[in-house]
$ cat structure_5.txt   # compact mmCIF, C-alpha atoms and all ligand atoms
# COMPACT_ATOMS: atom_id res chain seq x y z
CA MET H 13 0.00 0.00 0.00
CA ARG H 14 1.06 3.57 -0.69
CA ILE H 15 -0.29 6.51 1.30
CA ASP H 16 0.32 10.13 0.23
CA ILE H 17 -0.45 12.75 2.85
CA ILE H 18 -0.83 16.42 1.94
CA SER H 19 -0.18 18.75 4.86
CA VAL H 20 0.73 22.33 5.74
CA VAL H 21 2.49 21.09 8.92
CA PRO H 22 4.44 18.03 7.72
CA ASP H 23 6.54 18.02 10.92
CA LEU H 24 3.48 16.82 12.81
CA LEU H 25 3.59 13.62 10.77
CA THR H 26 7.21 12.67 11.42
CA SER H 27 7.03 10.84 14.72
CA PRO H 28 3.93 8.65 14.20
CA PHE H 29 5.74 6.82 11.40
CA SER H 30 9.16 6.69 13.10
CA ALA H 31 8.55 4.07 15.77
CA SER H 32 6.91 0.78 16.65
CA ILE H 33 4.48 -1.01 14.34
CA LEU H 34 4.16 1.70 11.66
CA LYS H 35 7.93 2.00 11.32
CA ARG H 36 8.22 -1.78 11.05
CA ALA H 37 5.55 -1.87 8.33
CA ILE H 38 7.52 0.76 6.38
CA ASP H 39 10.86 -1.00 6.95
CA LYS H 40 9.36 -4.30 5.76
CA GLY H 41 8.17 -2.58 2.55
CA ILE H 42 4.51 -3.33 3.29
CA VAL H 43 3.54 0.33 3.23
CA GLU H 44 5.06 3.49 1.76
CA ILE H 45 4.24 6.86 3.34
CA HIS H 46 4.88 10.02 1.30
CA ILE H 47 4.31 13.37 2.96
CA HIS H 48 3.84 16.44 0.77
CA ASN H 49 4.22 19.98 2.04
CA LEU H 50 1.34 21.93 0.51
CA ARG H 51 3.30 25.17 0.66
CA GLU H 52 5.61 23.81 -2.05
CA TYR H 53 2.60 23.83 -4.39
CA ALA H 54 1.69 27.48 -3.75
CA THR H 55 1.10 29.30 -7.01
CA ASP H 56 2.11 32.83 -6.00
CA ASN H 57 5.40 34.46 -4.96
CA TYR H 58 4.32 34.66 -1.31
CA LYS H 59 3.80 30.87 -1.09
CA SER H 60 0.19 31.50 0.00
CA ILE H 61 -1.97 28.51 0.72
CA ASP H 62 -4.87 30.25 2.48
CA ASP H 63 -6.98 33.38 2.01
CA TYR H 64 -9.93 35.27 3.54
CA GLN H 65 -13.36 33.74 3.04
CA PHE H 66 -15.83 35.21 0.61
CA GLY H 67 -18.76 36.80 2.41
CA GLY H 68 -16.61 37.72 5.40
CA GLY H 69 -16.17 35.93 8.70
CA ALA H 70 -13.35 34.92 11.00
CA GLY H 71 -10.80 32.36 9.87
CA MET H 72 -8.86 31.64 6.74
CA VAL H 73 -9.75 29.11 4.05
CA MET H 74 -7.29 26.81 2.26
CA MET H 75 -7.14 27.84 -1.39
CA ILE H 76 -8.03 25.51 -4.23
CA ALA H 77 -5.08 26.21 -6.57
CA PRO H 78 -2.20 24.73 -4.48
CA ILE H 79 -4.34 21.72 -3.56
CA ASP H 80 -5.35 21.18 -7.20
CA LYS H 81 -1.68 21.33 -8.25
CA CYS H 82 -0.56 18.87 -5.58
CA ILE H 83 -3.41 16.40 -6.14
CA SER H 84 -3.11 16.62 -9.94
CA ASP H 85 0.67 16.02 -9.83
CA LEU H 86 0.11 12.91 -7.70
CA LYS H 87 -2.77 11.64 -9.84
CA ALA H 88 -0.60 11.99 -12.96
CA GLU H 89 1.75 9.36 -11.47
CA ARG H 90 -0.80 6.70 -10.42
CA ASP H 91 -4.47 5.97 -9.86
CA TYR H 92 -5.80 6.57 -6.37
CA ASP H 93 -8.47 4.35 -4.84
CA GLU H 94 -9.46 7.10 -2.41
CA ILE H 95 -8.74 10.78 -1.85
CA ILE H 96 -9.67 11.37 1.76
CA TYR H 97 -10.20 14.72 3.47
CA MET H 98 -9.70 14.82 7.26
CA THR H 99 -12.34 17.09 8.75
CA PRO H 100 -14.47 17.25 11.91
CA ASP H 101 -17.62 17.24 9.76
CA GLY H 102 -16.68 13.99 7.99
CA LYS H 103 -18.06 10.52 8.73
CA THR H 104 -16.79 9.30 12.08
CA LEU H 105 -14.04 6.71 11.65
CA ASN H 106 -14.87 3.18 12.75
CA GLN H 107 -13.30 -0.26 12.42
CA GLY H 108 -15.42 -1.09 9.36
CA THR H 109 -13.99 1.88 7.44
CA SER H 110 -10.44 0.96 8.50
CA ASN H 111 -10.98 -2.64 7.37
CA GLU H 112 -12.25 -1.43 4.00
CA LEU H 113 -9.38 1.04 3.49
CA SER H 114 -6.75 -1.55 4.49
CA LEU H 115 -7.56 -3.41 1.24
CA LYS H 116 -6.71 -0.42 -1.01
CA GLU H 117 -3.50 0.05 -3.01
CA ASN H 118 -3.15 3.86 -3.19
CA ILE H 119 -4.68 6.31 -0.77
CA MET H 120 -4.27 10.09 -0.67
CA ILE H 121 -5.09 12.02 2.51
CA LEU H 122 -5.59 15.79 2.59
CA CYS H 123 -5.24 17.40 6.02
CA GLY H 124 -7.47 20.41 6.61
CA HIS H 125 -6.42 23.54 8.54
CA TYR H 126 -7.88 26.89 9.58
CA LYS H 127 -11.57 26.99 8.58
CA GLY H 128 -10.97 24.13 6.18
CA VAL H 129 -10.62 23.91 2.41
CA ASP H 130 -12.51 25.78 -0.31
CA GLN H 131 -15.68 23.74 -0.83
CA ARG H 132 -14.78 23.18 -4.49
CA VAL H 133 -11.90 20.94 -3.36
CA ARG H 134 -14.42 18.75 -1.55
CA ASP H 135 -16.83 18.79 -4.46
CA HIS H 136 -14.34 17.94 -7.19
CA PHE H 137 -11.44 15.94 -5.72
CA ILE H 138 -12.43 14.26 -2.48
CA THR H 139 -13.92 10.75 -2.49
CA ARG H 140 -14.37 10.37 1.28
CA GLU H 141 -14.45 12.71 4.29
CA ILE H 142 -13.37 11.31 7.64
CA SER H 143 -13.53 12.65 11.20
CA ILE H 144 -11.82 10.87 14.09
CA GLY H 145 -14.40 12.07 16.60
CA ASP H 146 -16.76 14.84 17.64
CA TYR H 147 -14.14 17.39 18.69
CA VAL H 148 -12.09 19.88 16.75
CA LEU H 149 -8.33 19.44 16.31
CA SER H 150 -5.98 22.21 15.18
CA GLY H 151 -5.57 20.41 11.87
CA GLY H 152 -6.13 17.10 10.15
CA GLU H 153 -2.59 15.73 10.69
CA LEU H 154 -3.19 13.96 13.99
CA GLY H 155 -6.40 12.54 12.57
CA ALA H 156 -4.50 11.35 9.49
CA ALA H 157 -1.94 9.64 11.74
CA VAL H 158 -4.75 7.90 13.66
CA LEU H 159 -6.38 6.82 10.40
CA CYS H 160 -3.09 5.48 8.99
CA ASP H 161 -2.32 3.56 12.19
CA SER H 162 -5.75 1.93 12.23
CA ILE H 163 -5.44 0.92 8.55
CA ILE H 164 -1.81 -0.19 8.44
CA ARG H 165 -2.00 -2.55 11.42
CA LEU H 166 -4.70 -4.51 9.56
CA ILE H 167 -2.53 -5.25 6.51
CA PRO H 168 -1.39 -8.90 6.58
CA GLY H 169 2.23 -9.20 7.73
CA VAL H 170 2.26 -5.98 9.74
CA LEU H 171 1.39 -7.45 13.13
CA GLY H 172 3.62 -10.28 14.31
CA ASN H 173 0.71 -12.47 15.26
CA GLU H 174 -1.80 -12.28 12.40
CA THR H 175 -4.72 -13.28 14.54
CA SER H 176 -4.28 -10.46 17.01
CA ALA H 177 -5.92 -7.82 14.79
CA LEU H 178 -8.90 -10.14 14.27
CA THR H 179 -9.51 -10.40 18.01
CA ASP H 180 -9.34 -6.63 18.63
CA SER H 181 -12.22 -4.67 20.06
CA PHE H 182 -14.80 -3.64 17.42
CA GLN H 183 -13.75 -6.33 14.94
CA ASP H 184 -17.12 -8.14 15.45
CA ASN H 185 -18.92 -5.06 16.76
CA LEU H 186 -17.92 -6.26 20.23
CA LEU H 187 -15.40 -4.96 22.74
CA ALA H 188 -12.49 -7.32 23.42
CA PRO H 189 -12.70 -9.62 26.48
CA PRO H 190 -10.38 -9.02 29.46
CA VAL H 191 -6.83 -10.38 29.20
CA TYR H 192 -4.38 -11.52 31.90
CA THR H 193 -0.75 -12.60 32.10
CA ARG H 194 1.55 -14.00 34.79
CA PRO H 195 1.46 -14.19 37.74
CA ALA H 196 -1.79 -16.17 38.07
CA SER H 197 -2.17 -14.74 41.55
CA TYR H 198 -1.05 -11.23 42.56
CA LYS H 199 -1.68 -10.14 46.13
CA ASP H 200 -5.08 -11.83 46.45
CA TRP H 201 -6.25 -10.94 42.95
CA ASP H 202 -6.60 -14.13 40.95
CA VAL H 203 -6.84 -14.73 37.23
CA PRO H 204 -10.20 -16.37 36.31
CA GLU H 205 -9.71 -20.11 36.72
CA VAL H 206 -11.12 -21.00 33.32
CA LEU H 207 -8.11 -19.34 31.64
CA LEU H 208 -5.77 -21.74 33.48
CA SER H 209 -7.88 -24.81 32.70
CA GLY H 210 -6.34 -25.69 29.32
CA ASN H 211 -9.89 -26.37 28.06
CA PHE H 212 -9.83 -24.27 24.89
CA PRO H 213 -13.49 -24.58 23.85
CA LYS H 214 -14.44 -23.52 27.37
CA ILE H 215 -11.96 -20.62 27.26
CA GLU H 216 -13.35 -19.49 23.91
CA ALA H 217 -16.93 -19.63 25.24
CA TRP H 218 -15.88 -17.61 28.30
CA ARG H 219 -14.20 -14.97 26.14
CA GLU H 220 -17.26 -14.64 23.92
CA GLU H 221 -19.50 -14.23 26.93
CA GLN H 222 -17.17 -11.65 28.52
CA ALA H 223 -16.97 -9.70 25.24
CA TYR H 224 -20.75 -9.64 25.04
CA GLU H 225 -21.24 -8.64 28.69
CA ARG H 226 -18.58 -5.93 28.45
CA THR H 227 -20.14 -4.53 25.29
CA LYS H 228 -23.63 -4.60 26.85
CA ALA H 229 -22.34 -2.70 29.91
CA LEU H 230 -19.99 -0.19 28.25
CA ARG H 231 -21.12 0.23 24.62
CA PRO H 232 -24.71 -1.03 24.23
CA ASP H 233 -24.97 1.06 21.03
CA LEU H 234 -22.65 -1.43 19.28
CA LEU H 235 -25.18 -4.21 19.84
CA ASP H 236 -27.93 -2.19 18.12
CA ASP H 237 -26.13 -2.44 14.76
N1 LIG H 301 -9.53 18.19 11.75
C1 LIG H 301 -9.95 18.92 12.80
N2 LIG H 301 -10.69 18.18 13.64
C2 LIG H 301 -10.73 16.93 13.12
C3 LIG H 301 -11.34 15.72 13.51
N3 LIG H 301 -12.06 15.63 14.63
N4 LIG H 301 -11.18 14.64 12.73
C4 LIG H 301 -10.46 14.73 11.58
N5 LIG H 301 -9.87 15.83 11.15
C5 LIG H 301 -9.99 16.93 11.91
$ encode --input "structure_5.txt" --output "structure tokens"
Amino acid sequence: MRIDIISVVPDLLTSPFSASILKRAIDKGIVEIHIHNLREYATDNYKSIDDYQFGGGAGMVMMIAPIDKCISDLKAERDYDEIIYMTPDGKTLNQGTSNELSLKENIMILCGHYKGVDQRVRDHFITREISIGDYVLSGGELGAAVLCDSIIRLIPGVLGNETSALTDSFQDNLLAPPVYTRPASYKDWDVPEVLLSGNFPKIEAWREEQAYERTKALRPDLLDD
């Protein structure tokens, strides 16, 4: 998979891809991340990428011309399966969307800033608008990093143990069951006996029941779907 990210603050995107699982995925050649500084696509001598909004009002708007130039240059090199715009008024990210996107070859992500982009960018270039939650960030970069993390870890070969992504919370619209490791007894807090029983069908049944009970208690909305 190749992911191109267009940003006005590319520095914000350095560290998420420089450590742990995302770095390993890049080092293994499973994913390529290309970060593009929008300012390099400015079309005037002042390197402007934003301007006042028509009709007045506080806050600057990201101009269409630099974005058009950047997106068009990238599209001239390859076909993109998705051109995603990170914005608080997009569709809230969930595991289903991450699963779907993890199957794509080429994804472009545009990070919004200020009041956002000129609406014509959204109308003519963007195929999907994603929010990472009902709160406003200073820009789309942290959201883009969250989105990339949730997608990349699902690509086969990225996680050491392939089954671990499948047993994550949300993968079956259920929260994950509780997990324990050694020691079996700490102070007087004991690990549930069934987990020490070696009876795998019984362990599986216990985990399913725990996942269901946890979801019912903490996220009953997931069971409605
Ligand atoms: N940009 C600003 N806020 C955002 C959010 N909640 N999700 C995605 N991009 C954003």
$ residues_around --input "structure_5.txt" --residues "region 176-181 of chain H" --least-positions-apart "6" --cutoff "8 Å" --atoms "only C-alpha atoms" --output "number ranges by chain"
H: 165-166, 187-188
$ closest_atom_pairs --input "structure_5.txt" --of "chain H" --to "ligand LIG 301 (chain H)" --cutoff "6 Å" --atoms "all atoms listed in the file" --output "CSV"
residue,atom,partner,partner_atom,distance
H:Met98,CA,H:LIG301,N5,4.0
H:Thr99,CA,H:LIG301,N5,3.7
H:Pro100,CA,H:LIG301,C3,3.8
H:Gly124,CA,H:LIG301,N1,6.0
H:Ile142,CA,H:LIG301,C4,6.0
H:Ser143,CA,H:LIG301,N4,3.4
H:Ile144,CA,H:LIG301,N4,4.1
H:Gly145,CA,H:LIG301,N3,4.7
H:Asp146,CA,H:LIG301,N3,5.6
H:Tyr147,CA,H:LIG301,N3,4.9
H:Val148,CA,H:LIG301,N2,3.8
H:Leu149,CA,H:LIG301,N2,3.8
H:Ser150,CA,H:LIG301,C1,5.7
H:Gly151,CA,H:LIG301,N1,4.5
H:Gly152,CA,H:LIG301,N1,3.9
H:Gly155,CA,H:LIG301,C4,4.7
$ residues_around --input "structure_5.txt" --residues "region 198-206 of chain H" --least-positions-apart "5" --cutoff "8 Å" --atoms "all atoms listed in the file" --output "VMD selection string"
chain H and resid 192 211 214 to 215 218
$ residues_around --input "structure_5.txt" --residues "His46 (chain H)" --least-positions-apart "4" --cutoff "12 Å" --atoms "only C-alpha atoms" --output "list in words"
Met13, Arg14, Ile15, Asp16, Ile17, Ile18, Ser19, Pro22, Leu25, Thr26, Phe29, Ile38, Leu86, Asn118, Ile119, Met120, Ile121 and Cys160 of chain H
$ atom_distance --input "structure_5.txt" --atom1 "CA of Asp161 (chain H)" --atom2 "CA of Ser110 (chain H)"
9.3 Å
$ atom_distance --input "structure_5.txt" --atom1 "CA of Phe182 (chain H)" --atom2 "CA of Asn111 (chain H)"
10.8 Å
$ residues_around --input "structure_5.txt" --residues "Tyr126 (chain H)" --least-positions-apart "5" --cutoff "9 Å" --atoms "only C-alpha atoms" --output "MDAnalysis selection string"
chainID H and resid 62 71:74 150:151
$ atom_distance --input "structure_5.txt" --atom1 "CA of Ile164 (chain H)" --atom2 "CA of Ile33 (chain H)"
8.7 Å
$ axis_aligned_box --input "structure_5.txt" --around "region 185-193 of chain H" --padding-each-side "3 Å" --output "AutoDock Vina command-line options"
--center_x -9.8 --center_y -8.8 --center_z 24.4 --size_x 24.2 --size_y 13.6 --size_z 21.3
$ closest_residue --input "structure_5.txt" --among "H:Glu112, H:Glu153, H:Glu225, H:Asp91" --to "Asp23 (chain H)" --atoms "only C-alpha atoms"
H:Glu153
$ residues_around --input "structure_5.txt" --residues "Ala77 (chain H)" --least-positions-apart "3" --cutoff "7 Å" --atoms "all atoms listed in the file" --output "JSON, numbers by chain"
{"H": [55, 80, 81]}
$ residues_near_point --input "structure_5.txt" --point "(-15.2, 18.8, -0.9)" --cutoff "12 Å" --atoms "all atoms listed in the file" --output "list in words"
Met74, Ile76, Ile79, Asp80, Ile95, Ile96, Tyr97, Met98, Thr99, Asp101, Gly102, Leu122, Gly124, Gly128, Val129, Asp130, Gln131, Arg132, Val133, Arg134, Asp135, His136, Phe137, Ile138, Thr139, Arg140, Glu141 and Ile142 of chain H
$ closest_residue --input "structure_5.txt" --among "H:Thr109, H:Ser60, H:Asn49, H:Ser30" --to "Ile83 (chain H)" --atoms "all atoms listed in the file"
H:Asn49
$ closest_residue --input "structure_5.txt" --among "H:Ala157, H:Gln107, H:Ser32, H:Ile61" --to "Ile45 (chain H)" --atoms "all atoms listed in the file"
H:Ala157
$ closest_residue --input "structure_5.txt" --among "H:Leu113, H:Thr227, H:His48, H:Asn57" --to "Asp85 (chain H)" --atoms "only C-alpha atoms"
H:His48
